[in-house]
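What's in protein_34.cif: mmCIF, C-alpha atoms
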```cif
data_input
loop_
_atom_site.group_PDB
_atom_site.id
_atom_site.type_symbol
_atom_site.label_atom_id
_atom_site.label_comp_id
_atom_site.auth_asym_id
_atom_site.auth_seq_id
_atom_site.Cartn_x
_atom_site.Cartn_y
_atom_site.Cartn_z
ATOM 1 C CA MET A 1 -275.194 -145.737 42.071
ATOM 2 C CA ALA A 2 -275.608 -146.088 45.824
ATOM 3 C CA PHE A 3 -273.483 -148.520 47.792
ATOM 4 C CA GLY A 4 -273.292 -149.815 51.338
ATOM 5 C CA MET A 5 -271.232 -152.025 53.599
ATOM 6 C CA SER A 6 -271.941 -155.142 51.512
ATOM 7 C CA GLU A 7 -270.322 -153.573 48.429
ATOM 8 C CA ILE A 8 -267.356 -152.356 50.481
ATOM 9 C CA LYS A 9 -266.969 -155.848 51.948
ATOM 10 C CA GLU A 10 -267.105 -157.488 48.500
ATOM 11 C CA LEU A 11 -264.554 -155.063 47.069
ATOM 12 C CA ARG A 12 -262.254 -155.619 50.027
ATOM 13 C CA GLU A 13 -262.488 -159.400 49.618
ATOM 14 C CA ARG A 14 -261.744 -159.174 45.903
ATOM 15 C CA THR A 15 -258.795 -156.798 46.157
ATOM 16 C CA GLY A 16 -257.469 -157.078 49.700
ATOM 17 C CA ALA A 17 -257.389 -153.279 49.885
ATOM 18 C CA GLY A 18 -258.210 -151.403 53.082
ATOM 19 C CA VAL A 19 -261.784 -150.498 54.021
ATOM 20 C CA LEU A 20 -261.233 -146.764 53.555
ATOM 21 C CA ASP A 21 -259.531 -147.305 50.195
ATOM 22 C CA CYS A 22 -262.478 -149.464 49.069
ATOM 23 C CA LYS A 23 -264.984 -146.832 50.176
ATOM 24 C CA ASN A 24 -263.074 -144.108 48.309
ATOM 25 C CA ALA A 25 -262.831 -146.301 45.205
ATOM 26 C CA LEU A 26 -266.586 -146.914 45.173
ATOM 27 C CA THR A 27 -267.261 -143.220 45.720
ATOM 28 C CA GLU A 28 -264.991 -142.306 42.802
ATOM 29 C CA ASN A 29 -266.757 -144.853 40.573
ATOM 30 C CA ASP A 30 -270.427 -144.277 41.504
ATOM 31 C CA GLY A 31 -270.638 -147.533 43.412
ATOM 32 C CA ASN A 32 -269.652 -149.717 40.437
ATOM 33 C CA ILE A 33 -267.629 -152.614 41.893
ATOM 34 C CA GLU A 34 -265.911 -153.636 38.634
ATOM 35 C CA ASP A 35 -264.776 -150.078 37.964
ATOM 36 C CA ALA A 36 -263.686 -149.793 41.590
ATOM 37 C CA VAL A 37 -261.566 -152.947 41.241
ATOM 38 C CA ASP A 38 -259.846 -151.443 38.201
ATOM 39 C CA TYR A 39 -259.433 -148.145 40.051
ATOM 40 C CA LEU A 40 -257.648 -149.842 42.973
ATOM 41 C CA ARG A 41 -255.448 -151.820 40.606
ATOM 42 C CA GLU A 42 -254.541 -148.668 38.687
ATOM 43 C CA LYS A 43 -253.657 -146.896 41.929
ATOM 44 C CA GLY A 44 -251.552 -149.840 43.031
ATOM 45 C CA MET A 45 -253.611 -150.331 46.167
ATOM 46 C CA ALA A 46 -254.784 -153.833 45.335
ATOM 47 C CA ALA A 47 -251.283 -155.042 44.590
ATOM 48 C CA ALA A 48 -249.974 -153.428 47.752
ATOM 49 C CA ALA A 49 -252.630 -155.075 49.866
ATOM 50 C CA LYS A 50 -251.761 -158.534 48.529
ATOM 51 C CA ARG A 51 -248.311 -158.154 50.053
ATOM 52 C CA ALA A 52 -249.555 -156.876 53.401
ATOM 53 C CA GLY A 53 -248.863 -160.206 55.091
ATOM 54 C CA LYS A 54 -245.286 -160.420 53.873
ATOM 55 C CA VAL A 55 -242.368 -159.772 56.206
ATOM 56 C CA ALA A 56 -240.263 -156.768 55.243
ATOM 57 C CA ALA A 57 -236.992 -157.379 57.081
ATOM 58 C CA GLU A 58 -234.490 -156.130 54.499
ATOM 59 C CA GLY A 59 -234.083 -152.556 53.309
ATOM 60 C CA MET A 60 -231.763 -149.717 54.253
ATOM 61 C CA VAL A 61 -230.986 -147.046 56.794
ATOM 62 C CA ASN A 62 -230.484 -143.486 55.591
ATOM 63 C CA THR A 63 -229.527 -140.215 57.257
ATOM 64 C CA VAL A 64 -229.970 -136.576 56.305
ATOM 65 C CA ILE A 65 -228.590 -133.486 58.070
ATOM 66 C CA SER A 66 -229.867 -129.979 57.316
ATOM 67 C CA ARG A 67 -227.642 -127.429 55.600
ATOM 68 C CA ASP A 68 -227.043 -125.535 58.834
ATOM 69 C CA GLY A 69 -226.181 -128.783 60.614
ATOM 70 C CA ASN A 70 -228.634 -128.224 63.458
ATOM 71 C CA GLU A 71 -231.265 -130.788 62.450
ATOM 72 C CA GLY A 72 -230.985 -134.370 61.315
ATOM 73 C CA ILE A 73 -233.017 -137.486 60.685
ATOM 74 C CA ILE A 74 -232.147 -141.187 60.659
ATOM 75 C CA VAL A 75 -234.643 -143.447 58.896
ATOM 76 C CA GLU A 76 -235.159 -147.170 58.312
ATOM 77 C CA VAL A 77 -237.262 -148.249 55.332
ATOM 78 C CA ASN A 78 -237.812 -151.964 54.812
ATOM 79 C CA SER A 79 -238.322 -154.229 51.816
ATOM 80 C CA GLU A 80 -238.837 -157.969 51.580
ATOM 81 C CA THR A 81 -235.531 -158.792 49.864
ATOM 82 C CA ASP A 82 -232.001 -157.464 49.753
ATOM 83 C CA PHE A 83 -232.266 -157.460 45.951
ATOM 84 C CA VAL A 84 -234.878 -154.703 46.091
ATOM 85 C CA ALA A 85 -232.929 -152.870 48.801
ATOM 86 C CA ARG A 86 -230.065 -152.506 46.322
ATOM 87 C CA ASN A 87 -232.372 -151.247 43.565
ATOM 88 C CA ASP A 88 -231.859 -147.622 42.498
ATOM 89 C CA ASN A 89 -235.604 -146.897 42.572
ATOM 90 C CA PHE A 90 -235.804 -148.102 46.170
ATOM 91 C CA LYS A 91 -232.763 -146.032 47.165
ATOM 92 C CA GLU A 92 -234.306 -142.952 45.550
ATOM 93 C CA LEU A 93 -237.554 -143.541 47.440
ATOM 94 C CA VAL A 94 -235.698 -143.857 50.759
ATOM 95 C CA ALA A 95 -233.778 -140.646 50.051
ATOM 96 C CA LYS A 96 -237.016 -138.782 49.311
ATOM 97 C CA ILE A 97 -238.754 -140.166 52.411
ATOM 98 C CA SER A 98 -235.772 -139.064 54.495
ATOM 99 C CA GLN A 99 -235.870 -135.549 53.075
ATOM 100 C CA HIS A 100 -239.638 -135.419 53.565
ATOM 101 C CA LEU A 101 -239.266 -136.357 57.246
ATOM 102 C CA LEU A 102 -236.444 -133.857 57.777
ATOM 103 C CA ASN A 103 -238.712 -131.088 56.511
ATOM 104 C CA SER A 104 -241.585 -132.302 58.676
ATOM 105 C CA ASP A 105 -242.246 -132.073 62.407
ATOM 106 C CA VAL A 106 -244.086 -135.380 62.887
ATOM 107 C CA GLU A 107 -242.818 -137.510 65.761
ATOM 108 C CA ASN A 108 -243.897 -141.041 64.880
ATOM 109 C CA VAL A 109 -244.582 -143.314 61.923
ATOM 110 C CA ASP A 110 -248.386 -143.159 62.190
ATOM 111 C CA GLU A 111 -248.333 -139.361 61.999
ATOM 112 C CA ALA A 112 -245.842 -139.474 59.137
ATOM 113 C CA LEU A 113 -247.977 -141.816 57.028
ATOM 114 C CA GLU A 114 -250.976 -139.469 57.297
ATOM 115 C CA GLU A 115 -248.990 -136.387 56.297
ATOM 116 C CA SER A 116 -249.235 -134.876 52.811
ATOM 117 C CA TRP A 117 -246.318 -135.805 50.563
ATOM 118 C CA PHE A 118 -243.888 -132.921 50.091
ATOM 119 C CA GLU A 119 -243.813 -133.284 46.287
ATOM 120 C CA ASP A 120 -247.577 -133.750 45.826
ATOM 121 C CA ASP A 121 -249.936 -132.629 48.571
ATOM 122 C CA SER A 122 -252.815 -134.534 46.982
ATOM 123 C CA LYS A 123 -251.198 -137.742 48.271
ATOM 124 C CA THR A 124 -250.110 -138.883 51.698
ATOM 125 C CA LEU A 125 -246.834 -140.603 52.472
ATOM 126 C CA GLU A 126 -248.831 -143.803 52.983
ATOM 127 C CA VAL A 127 -250.144 -143.592 49.409
ATOM 128 C CA ILE A 128 -246.637 -142.964 48.076
ATOM 129 C CA ILE A 129 -245.389 -146.100 49.839
ATOM 130 C CA LYS A 130 -248.357 -148.150 48.563
ATOM 131 C CA GLU A 131 -247.643 -147.002 45.021
ATOM 132 C CA ALA A 132 -243.991 -147.958 45.459
ATOM 133 C CA THR A 133 -245.064 -151.381 46.731
ATOM 134 C CA ALA A 134 -247.128 -151.880 43.585
ATOM 135 C CA ASN A 135 -244.426 -150.616 41.231
ATOM 136 C CA ILE A 136 -241.541 -152.489 42.826
ATOM 137 C CA GLY A 137 -243.552 -155.633 43.518
ATOM 138 C CA GLU A 138 -242.558 -156.040 47.154
ATOM 139 C CA LYS A 139 -243.893 -154.811 50.450
ATOM 140 C CA ILE A 140 -242.252 -151.478 51.327
ATOM 141 C CA GLU A 141 -242.558 -150.196 54.876
ATOM 142 C CA LEU A 142 -241.430 -147.130 56.798
ATOM 143 C CA ARG A 143 -240.351 -148.818 60.013
ATOM 144 C CA ARG A 144 -238.918 -146.066 62.197
ATOM 145 C CA PHE A 145 -237.100 -142.753 62.337
ATOM 146 C CA SER A 146 -235.429 -140.537 64.924
ATOM 147 C CA ARG A 147 -235.148 -136.770 64.807
ATOM 148 C CA PHE A 148 -232.272 -134.657 66.130
ATOM 149 C CA LYS A 149 -232.188 -130.933 66.895
ATOM 150 C CA THR A 150 -229.085 -129.444 68.471
ATOM 151 C CA ASP A 151 -226.926 -126.389 69.022
ATOM 152 C CA GLY A 152 -223.911 -128.694 68.917
ATOM 153 C CA MET A 153 -222.678 -130.908 66.096
ATOM 154 C CA LEU A 154 -224.482 -133.696 64.253
ATOM 155 C CA HIS A 155 -222.641 -136.384 62.372
ATOM 156 C CA SER A 156 -223.873 -139.487 60.573
ATOM 157 C CA TYR A 157 -222.232 -142.667 59.361
ATOM 158 C CA ILE A 158 -223.601 -145.331 57.007
ATOM 159 C CA HIS A 159 -222.034 -148.799 56.951
ATOM 160 C CA MET A 160 -222.369 -151.584 54.357
ATOM 161 C CA GLY A 161 -224.497 -149.553 51.976
ATOM 162 C CA GLY A 162 -227.170 -148.824 54.543
ATOM 163 C CA LYS A 163 -227.246 -152.048 56.575
ATOM 164 C CA ILE A 164 -226.207 -150.031 59.640
ATOM 165 C CA GLY A 165 -226.691 -146.322 60.203
ATOM 166 C CA VAL A 166 -225.632 -144.040 63.034
ATOM 167 C CA MET A 167 -226.403 -140.460 63.959
ATOM 168 C CA VAL A 168 -224.540 -138.885 66.843
ATOM 169 C CA GLU A 169 -224.861 -135.522 68.578
ATOM 170 C CA LEU A 170 -221.715 -134.032 70.101
ATOM 171 C CA SER A 171 -220.774 -130.911 72.040
ATOM 172 C CA GLY A 172 -217.444 -129.292 72.812
ATOM 173 C CA ASP A 173 -214.559 -129.039 70.347
ATOM 174 C CA ALA A 174 -215.946 -131.661 67.963
ATOM 175 C CA ASP A 175 -214.465 -131.870 64.494
ATOM 176 C CA THR A 176 -215.400 -134.121 61.579
ATOM 177 C CA GLU A 177 -212.620 -136.653 62.228
ATOM 178 C CA THR A 178 -213.515 -137.090 65.898
ATOM 179 C CA ALA A 179 -217.228 -137.276 65.117
ATOM 180 C CA ASN A 180 -216.651 -139.895 62.435
ATOM 181 C CA ASN A 181 -214.469 -141.983 64.762
ATOM 182 C CA ILE A 182 -217.198 -142.001 67.396
ATOM 183 C CA ALA A 183 -219.909 -142.803 64.843
ATOM 184 C CA MET A 184 -217.830 -145.740 63.609
ATOM 185 C CA GLN A 185 -217.335 -146.871 67.217
ATOM 186 C CA ILE A 186 -221.105 -146.902 67.712
ATOM 187 C CA ALA A 187 -221.670 -148.776 64.441
ATOM 188 C CA ALA A 188 -219.085 -151.433 65.336
ATOM 189 C CA SER A 189 -219.719 -151.869 69.080
ATOM 190 C CA SER A 190 -223.474 -151.284 69.294
ATOM 191 C CA PRO A 191 -223.682 -149.539 72.695
ATOM 192 C CA GLU A 192 -227.086 -149.076 74.312
ATOM 193 C CA TYR A 193 -226.227 -146.148 76.598
ATOM 194 C CA ILE A 194 -223.721 -143.320 76.765
ATOM 195 C CA SER A 195 -222.644 -143.887 80.384
ATOM 196 C CA PRO A 196 -223.485 -146.164 83.356
ATOM 197 C CA GLU A 197 -225.618 -143.395 84.870
ATOM 198 C CA GLU A 198 -228.144 -143.959 82.071
ATOM 199 C CA VAL A 199 -228.600 -147.682 82.773
ATOM 200 C CA THR A 200 -231.933 -148.225 84.481
ATOM 201 C CA GLU A 201 -232.246 -149.818 87.908
ATOM 202 C CA GLU A 202 -234.436 -152.490 86.320
ATOM 203 C CA ASP A 203 -231.697 -153.459 83.843
ATOM 204 C CA ILE A 204 -229.076 -153.607 86.582
ATOM 205 C CA ALA A 205 -231.328 -155.716 88.812
ATOM 206 C CA ARG A 206 -232.046 -158.109 85.951
ATOM 207 C CA GLU A 207 -228.352 -158.532 85.148
ATOM 208 C CA LYS A 208 -227.488 -159.109 88.793
ATOM 209 C CA LYS A 209 -230.191 -161.747 89.091
ATOM 210 C CA VAL A 210 -228.877 -163.599 86.049
ATOM 211 C CA TYR A 211 -225.270 -163.455 87.252
ATOM 212 C CA ARG A 212 -226.235 -164.588 90.760
ATOM 213 C CA GLU A 213 -228.140 -167.592 89.402
ATOM 214 C CA GLN A 214 -225.170 -168.464 87.205
ATOM 215 C CA MET A 215 -222.825 -168.407 90.187
ATOM 216 C CA LEU A 216 -225.176 -170.506 92.322
ATOM 217 C CA ASN A 217 -225.537 -173.055 89.523
ATOM 218 C CA GLU A 218 -221.756 -173.255 89.289
ATOM 219 C CA GLY A 219 -221.588 -173.979 93.000
ATOM 220 C CA LYS A 220 -219.822 -170.762 94.023
ATOM 221 C CA PRO A 221 -219.907 -170.049 97.784
ATOM 222 C CA GLU A 222 -222.512 -167.478 98.849
ATOM 223 C CA HIS A 223 -219.980 -165.246 100.600
ATOM 224 C CA ILE A 224 -218.054 -164.474 97.384
ATOM 225 C CA ILE A 225 -220.981 -164.211 94.972
ATOM 226 C CA ASP A 226 -221.687 -160.508 95.607
ATOM 227 C CA ASN A 227 -218.108 -159.544 94.700
ATOM 228 C CA ILE A 228 -218.222 -161.653 91.557
ATOM 229 C CA VAL A 229 -221.552 -160.126 90.546
ATOM 230 C CA GLU A 230 -220.198 -156.585 90.985
ATOM 231 C CA GLY A 231 -217.263 -157.476 88.761
ATOM 232 C CA LYS A 232 -219.612 -158.798 86.108
ATOM 233 C CA ILE A 233 -221.720 -155.630 86.303
ATOM 234 C CA ASN A 234 -218.607 -153.587 85.559
ATOM 235 C CA LYS A 235 -217.963 -155.782 82.511
ATOM 236 C CA PHE A 236 -221.586 -155.270 81.528
ATOM 237 C CA TYR A 237 -221.036 -151.495 81.601
ATOM 238 C CA ASN A 238 -217.962 -151.944 79.416
ATOM 239 C CA GLN A 239 -220.104 -153.689 76.833
ATOM 240 C CA VAL A 240 -223.250 -151.562 76.732
ATOM 241 C CA CYS A 241 -222.026 -148.062 77.670
ATOM 242 C CA LEU A 242 -220.273 -146.101 74.939
ATOM 243 C CA ASN A 243 -217.977 -144.185 77.290
ATOM 244 C CA ASN A 244 -216.823 -147.386 78.992
ATOM 245 C CA GLN A 245 -216.058 -149.321 75.817
ATOM 246 C CA GLU A 246 -212.534 -149.914 74.555
ATOM 247 C CA TYR A 247 -211.827 -147.385 71.836
ATOM 248 C CA ILE A 248 -211.638 -149.411 68.613
ATOM 249 C CA ARG A 249 -208.722 -147.379 67.185
ATOM 250 C CA ASP A 250 -206.661 -147.669 70.368
ATOM 251 C CA THR A 251 -207.721 -150.483 72.686
ATOM 252 C CA ASP A 252 -205.381 -149.241 75.426
ATOM 253 C CA ILE A 253 -207.844 -146.442 76.198
ATOM 254 C CA SER A 254 -211.595 -146.135 76.672
ATOM 255 C CA VAL A 255 -213.919 -144.061 74.515
ATOM 256 C CA GLU A 256 -214.325 -141.668 77.445
ATOM 257 C CA GLU A 257 -210.559 -141.136 77.608
ATOM 258 C CA TYR A 258 -210.462 -140.471 73.875
ATOM 259 C CA LEU A 259 -213.328 -137.971 74.170
ATOM 260 C CA ASP A 260 -211.650 -136.215 77.116
ATOM 261 C CA GLU A 261 -208.462 -135.918 75.088
ATOM 262 C CA LYS A 262 -210.423 -134.265 72.270
ATOM 263 C CA GLY A 263 -212.539 -132.063 74.539
ATOM 264 C CA VAL A 264 -215.746 -133.615 73.216
ATOM 265 C CA THR A 265 -218.913 -134.963 74.867
ATOM 266 C CA VAL A 266 -221.443 -137.307 73.274
ATOM 267 C CA GLU A 267 -224.903 -135.929 74.028
ATOM 268 C CA ASP A 268 -227.032 -138.477 72.183
ATOM 269 C CA PHE A 269 -226.878 -141.144 69.500
ATOM 270 C CA VAL A 270 -229.070 -143.558 67.557
ATOM 271 C CA ARG A 271 -227.886 -146.736 65.877
ATOM 272 C CA TYR A 272 -230.192 -148.562 63.460
ATOM 273 C CA GLU A 273 -229.443 -151.958 61.972
ATOM 274 C CA VAL A 274 -231.735 -153.105 59.189
ATOM 275 C CA GLY A 275 -234.248 -155.701 60.292
ATOM 276 C CA GLU A 276 -233.060 -155.960 63.900
ATOM 277 C CA GLY A 277 -235.789 -157.429 66.066
ATOM 278 C CA ILE A 278 -237.929 -158.535 63.115
ATOM 279 C CA GLU A 279 -238.718 -162.233 62.973
ATOM 280 C CA LYS A 280 -237.853 -163.258 59.433
ATOM 281 C CA GLU A 281 -239.689 -165.871 57.436
ATOM 282 C CA GLU A 282 -237.822 -169.136 56.993
ATOM 283 C CA GLU A 283 -237.398 -169.787 53.291
ATOM 284 C CA ASP A 284 -237.502 -173.316 51.870
ATOM 285 C CA PHE A 285 -236.618 -172.950 48.214
ATOM 286 C CA ALA A 286 -236.938 -176.679 47.454
ATOM 287 C CA ALA A 287 -240.440 -176.752 48.918
ATOM 288 C CA GLU A 288 -241.373 -173.655 46.936
ATOM 289 C CA VAL A 289 -240.206 -175.247 43.686
ATOM 290 C CA GLN A 290 -242.044 -178.471 44.490
ATOM 291 C CA ALA A 291 -245.225 -176.538 45.187
ATOM 292 C CA GLU A 292 -244.969 -174.901 41.753
ATOM 293 C CA LEU A 293 -244.381 -178.295 40.093
ATOM 294 C CA ASN A 294 -247.434 -179.725 41.842
ATOM 295 C CA LYS A 295 -249.587 -177.064 40.175
ATOM 296 C CA ASN A 296 -248.779 -178.492 36.734
#
```

Target encoding structure tokens, full file:
Amino acid sequence: MAFGMSEIKELRERTGAGVLDCKNALTENDGNIEDAVDYLREKGMAAAAKRAGKVAAEGMVNTVISRDGNEGIIVEVNSETDFVARNDNFKELVAKISQHLLNSDVENVDEALEESWFEDDSKTLEVIIKEATANIGEKIELRRFSRFKTDGMLHSYIHMGGKIGVMVELSGDADTETANNIAMQIAASSPEYISPEEVTEEDIAREKKVYREQMLNEGKPEHIIDNIVEGKINKFYNQVCLNNQEYIRDTDISVEEYLDEKGVTVEDFVRYEVGEGIEKEEEDFAAEVQAELNKN
């Protein structure tokens, strides 16, 4: 049975599935819309599409390092609720996605979703995630990942069951204890840079502008404002630069002093916190219950 855009449009409206998925479903079912609807439901694509508008701001961060220790991946996969994030099936899925990405060479999420799944090359990662969405009953989303390759040492740290994850690359005389201490420092203190040299001129200019306006609003004399602003910039470095932070295990020294003592240099790091930067939906349970009652 032949089909055209009108049939694709109807199927999309009835199932909420993507245009390409609808086209494939009609092709597989000789253009029969009813069979195509069942096909999409069986594949989990219709159920997945119904949740496309939901906000997935929970989930977990996971890390994997290769056997030789030279490659690593840190991944965030999101769900709608923390309940699902603690589910064993979800954790298994995240572990498999992490291993898949470690074995891959893709550099961004879009490329990753189009790649053939490592356990079944007849499916893409996107299909695997859609099937998981249908099976679990919540929107599942690969949000981001970062890849590491090094001749030095990689170390990872997971906090609160995957709420925060860190991967850090070190050089020098790094050992597991030192690496773990630094990873925990990053998890706890959330630095944005390794050292002040990495802070962009734009960021410095923005901070100075804010501090200057604060001083003017407080009525500080112009001739002392520059000195005050410089002092605040130094405090800013102490907050956002890993090397300048107080070392959490010994606040009498900085992280840089601790690293110097150990003969270690931090080359790179990534810190993920689940859901950071995602605008979460405000839940009103009472209103939800009332809406259900109104249906009866």

Given the file shown, determine the residues that the PyMOL selection byres ((chain A and resi 225) around 12) selects; report them as a PDB file with C-alpha atoms, keeping the file's coordinate frame.
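Output contents, as saved in result-v3.pdb:
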```pdb
ATOM      1  CA  LYS A 208    -227.488-159.109  88.793  1.00  0.00           C
ATOM      2  CA  LYS A 209    -230.191-161.747  89.091  1.00  0.00           C
ATOM      3  CA  VAL A 210    -228.877-163.599  86.049  1.00  0.00           C
ATOM      4  CA  TYR A 211    -225.270-163.455  87.252  1.00  0.00           C
ATOM      5  CA  ARG A 212    -226.235-164.588  90.760  1.00  0.00           C
ATOM      6  CA  GLU A 213    -228.140-167.592  89.402  1.00  0.00           C
ATOM      7  CA  GLN A 214    -225.170-168.464  87.205  1.00  0.00           C
ATOM      8  CA  MET A 215    -222.825-168.407  90.187  1.00  0.00           C
ATOM      9  CA  LEU A 216    -225.176-170.506  92.322  1.00  0.00           C
ATOM     10  CA  ASN A 217    -225.537-173.055  89.523  1.00  0.00           C
ATOM     11  CA  GLU A 218    -221.756-173.255  89.289  1.00  0.00           C
ATOM     12  CA  GLY A 219    -221.588-173.979  93.000  1.00  0.00           C
ATOM     13  CA  LYS A 220    -219.822-170.762  94.023  1.00  0.00           C
ATOM     14  CA  PRO A 221    -219.907-170.049  97.784  1.00  0.00           C
ATOM     15  CA  GLU A 222    -222.512-167.478  98.849  1.00  0.00           C
ATOM     16  CA  HIS A 223    -219.980-165.246 100.600  1.00  0.00           C
ATOM     17  CA  ILE A 224    -218.054-164.474  97.384  1.00  0.00           C
ATOM     18  CA  ASP A 226    -221.687-160.508  95.607  1.00  0.00           C
ATOM     19  CA  ASN A 227    -218.108-159.544  94.700  1.00  0.00           C
ATOM     20  CA  ILE A 228    -218.222-161.653  91.557  1.00  0.00           C
ATOM     21  CA  VAL A 229    -221.552-160.126  90.546  1.00  0.00           C
ATOM     22  CA  GLU A 230    -220.198-156.585  90.985  1.00  0.00           C
ATOM     23  CA  GLY A 231    -217.263-157.476  88.761  1.00  0.00           C
ATOM     24  CA  LYS A 232    -219.612-158.798  86.108  1.00  0.00           C
TER      25      LYS A 232
END
```

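Put simply, the PyMOL selection byres ((chain A and resi 7) around 10) on this file hits Ala2, Phe3, Gly4, Met5, Ser6, Ile8, Lys9, Glu10, Leu11, Arg12, Glu13, Cys22, Lys23, Leu26, Gly31, Asn32 and Ile33 of chain A.
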
Go ahead and write the residues just picked, C-alpha atoms, as an mmCIF file, in the coordinates of the input.
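File part.cif, as written:
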```
data_model
loop_
_atom_site.group_PDB
_atom_site.id
_atom_site.type_symbol
_atom_site.label_atom_id
_atom_site.label_comp_id
_atom_site.auth_asym_id
_atom_site.auth_seq_id
_atom_site.Cartn_x
_atom_site.Cartn_y
_atom_site.Cartn_z
ATOM 1 C CA ALA A 2 -275.608 -146.088 45.824
ATOM 2 C CA PHE A 3 -273.483 -148.520 47.792
ATOM 3 C CA GLY A 4 -273.292 -149.815 51.338
ATOM 4 C CA MET A 5 -271.232 -152.025 53.599
ATOM 5 C CA SER A 6 -271.941 -155.142 51.512
ATOM 6 C CA ILE A 8 -267.356 -152.356 50.481
ATOM 7 C CA LYS A 9 -266.969 -155.848 51.948
ATOM 8 C CA GLU A 10 -267.105 -157.488 48.500
ATOM 9 C CA LEU A 11 -264.554 -155.063 47.069
ATOM 10 C CA ARG A 12 -262.254 -155.619 50.027
ATOM 11 C CA GLU A 13 -262.488 -159.400 49.618
ATOM 12 C CA CYS A 22 -262.478 -149.464 49.069
ATOM 13 C CA LYS A 23 -264.984 -146.832 50.176
ATOM 14 C CA LEU A 26 -266.586 -146.914 45.173
ATOM 15 C CA GLY A 31 -270.638 -147.533 43.412
ATOM 16 C CA ASN A 32 -269.652 -149.717 40.437
ATOM 17 C CA ILE A 33 -267.629 -152.614 41.893
#
```

message: For the PyMOL selection byres ((chain A and resi 61-77) around 10), applied here, can you spell out every residue it catches as a PyMOL selection string?
response: chain A and resi 56-60+78-79+85+90-91+93-95+97-103+140-159+161-169+270-275

Counting only C-alpha atoms, the residue of A:Leu170, A:Ile129, A:Val240, A:Ile136 that sits nearest Ala112 of chain A: A:Ile129

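When atom CA of Asn180 of chain A is paired with atom CA of Thr265 of chain A, their separation reads 13.6 Å.
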
- request: Between atom CA of Glu115 of chain A and atom CA of Thr27 of chain A, measure the distance and give it in Å to one decimal.
  value: 22.2 Å

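From atom CA of Asn243 of chain A back to atom CA of Val255 of chain A, the distance works out to 4.9 Å.
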
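Across A:Ala179, A:Met160, A:Glu201, A:Val266, the tightest approach to Arg86 of chain A is made by A:Met160 when counting all atoms listed in the file.
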
- request: Enumerate, as number ranges by chain, the protein, DNA and RNA residues whose atoms approach (-249.0, -138.8, 53.8) to within 10 Å, taking into account all atoms listed in the file and the coordinate frame of the file.
  value: A: 100, 110-118, 120-129

Calculate, to one decimal in Å, the centre and edge lengths of the box along x, y and z of the file that holds all listed atoms of segment 236-245 of chain A with 5 Å of margin on each side, and present them as JSON.
```
{"center_x": -219.7, "center_y": -149.7, "center_z": 78.3, "size_x": 17.2, "size_y": 21.1, "size_z": 16.7}
```
